Amino acid sequence: MSAEETLVLELKDKATQSKAFEVLVNTYKERLYWHIRRIVLDHDDADDVLQNTFIKVYRSIDGFKGESKLYSWMYRIGTNEALTFLKQKSRKLGVSNEELQQSLVENLESDVYFEGDAIQLKLQKALATLPEKQKLVFNMKYFQEMKYEEISQILETSVGGLKASYHLAVKKIESYLTEPD
Amino acid sequence: MKKNHKNKFKTPEGYFDNFNERLFERLAVEETSQESTLIPKSDGFTAPEGYFDSIYDSTIERMKGKSPKVISLVGYRAVYYAAAAVVIIFVLALAWDWNQSPDLNFEDLASMDIETYFEDTDYGLSSYEIAEAVNLDDISIADITEKILEEESILEYLDANVEDLEDLDLDYDELQY
C-alpha cells in the first residue's frame, strides 16, 4: 500500500484523522498555496481559499474513492474554490470577470507580497487577458512545472488539448510582452 | 555492419541499439531550445515570513469556528429597554402585515433570486457533480432559452468565441456524422 493510500485510510479513520490531517496540510500546503495564489493573486485571498480547500478536503474525504490521486483531487478542489471565490468577488463588486482580473493586477503594484519588476508585472497583465483555461494551464506548466499528464487529471482535459492551450498561451504572452507599453 | 536482405541499404554497427536514447536526447534539446526567452522564469510573488508554519493552526482554528466575544451587560440597562421597545414595535408591525400579505410560494421567487442563491451559496457541489445528478433526458434546449438558435448562429458563435475545441468537452461517441 502506498503512503498516499495509507494517509487516505488514516484520514477516514476517526482515531487517526486528526494526526493524518496535520500530515496532509504540511505535505501539500506550499504547492497548493502557490497554485491558488496564481489564480487569485492576492495573498490574503489565497490564504482564505487555501484554508477553505483543506477544510473541504477534510470534510469530504469519505467521498474520495481513490479513482484519481489524492493530490489531483485536492488540486481540483483548490482550483474550483479559487475560481468560485473570484466569481463571488466579481459579483459582490458588480464588475465582470475581465474587469476584476484587471483590477487584481493593478493592485499588485502596491502589494507588499509582490516583488516583481516591470517585466513580471507585464507578465501578470498578459495573463489577465487570457481565457481562464489557458491561464491555468500556463501557470501549472510554466511555473509549477507540472507534467501534462498531471494537469490532465486535475483539469479533466486531454493532454492534446492542454498542449494546444499551453502553446496558444505562450504565443499570446510573448506577443503581449513585445508590445510597447 | 548489418545487412538488410530485402534491400541493399546498410546502417552503421549498433545504429538501432541506442536509437531511442539519441531520439529522446534530441527531443529534450529541442524542447529546451523552444522554451521562451521572453517570459521571466519567476513571477515575483512572495508570502509573509513564517506564513507556511501557521497554516495548519489557522485552518484548525477556522474549522472549530471562533468563540463569540463575551460582552458585559452591566451599564446597558437603558439600551435594554430601547431594544425591548423596538422588538415590540417590530412584532406588532409584523403581525399587522401578516394578516394582509398573500402566501408566498416557489413561483414568486424571481429567477434572479434563485440564480443569486446558487452563485453566492457554497452548497459543496461542483458543476460536474450537479450535471451528474440532474436528469437531462426530459429537458430540451427550449426549456432554458426562449430564442430558437439557428445552426448557423451557433457555428458563428463557436467560431468567434472558442479557441480550443477541447473546451467544449464533446463526447465524440455520441456525434452522428
# chains A, B, ... in the order shown; residues from 1 in each chain; ligands from 1

call {"tool": "interface_residues", "arguments": {"of": "chain B", "to": "chain A", "cutoff": "6 Å", "atoms": "only C-alpha atoms", "output": "number ranges by chain"}}
result
B: 43-47, 59, 166

call {"tool": "write_last_selection", "arguments": {"atoms": "C-alpha atoms", "output": "compact mmCIF listing (two decimals), in the first residue's frame"}}
result
# COMPACT_ATOMS: atom_id res chain seq x y z
CA ASP B 43 6.62 35.64 -11.30
CA GLY B 44 7.60 37.81 -8.33
CA PHE B 45 5.03 36.60 -5.77
CA THR B 46 6.15 36.24 -2.16
CA ALA B 47 4.47 35.11 1.07
CA THR B 59 -7.06 26.05 9.43
CA GLU B 166 -11.28 20.68 -26.19

call {"tool": "atom_distance", "arguments": {"atom1": "CA of Trp73 (chain A)", "atom2": "CA of Ala15 (chain A)"}}
result
23.3 Å

call {"tool": "select_by_dssp", "arguments": {"residues": "region 26-169 of chain A", "states": "alpha helix (DSSP H)", "output": "ChimeraX atom specification"}}
result
/A:26-40,43-60,70-93,97-108,118-128,132-138,148-155,159-169

call {"tool": "atom_distance", "arguments": {"atom1": "CA of Thr16 (chain A)", "atom2": "CA of Arg62 (chain B)"}}
result
20.2 Å

call {"tool": "residues_around", "arguments": {"residues": "Glu150 (chain A)", "least_positions_apart": "3", "cutoff": "10 Å", "atoms": "only C-alpha atoms", "output": "PyMOL selection string"}}
result
chain A and resi 69+71-72+140-141+146-147+153-156+159

call {"tool": "residues_around", "arguments": {"residues": "Asp62 (chain A)", "least_positions_apart": "3", "cutoff": "10 Å", "atoms": "only C-alpha atoms", "output": "count of residues only"}}
result
9

call {"tool": "atom_distance", "arguments": {"atom1": "CA of Lys163 (chain A)", "atom2": "CA of Glu132 (chain A)"}}
result
15.1 Å
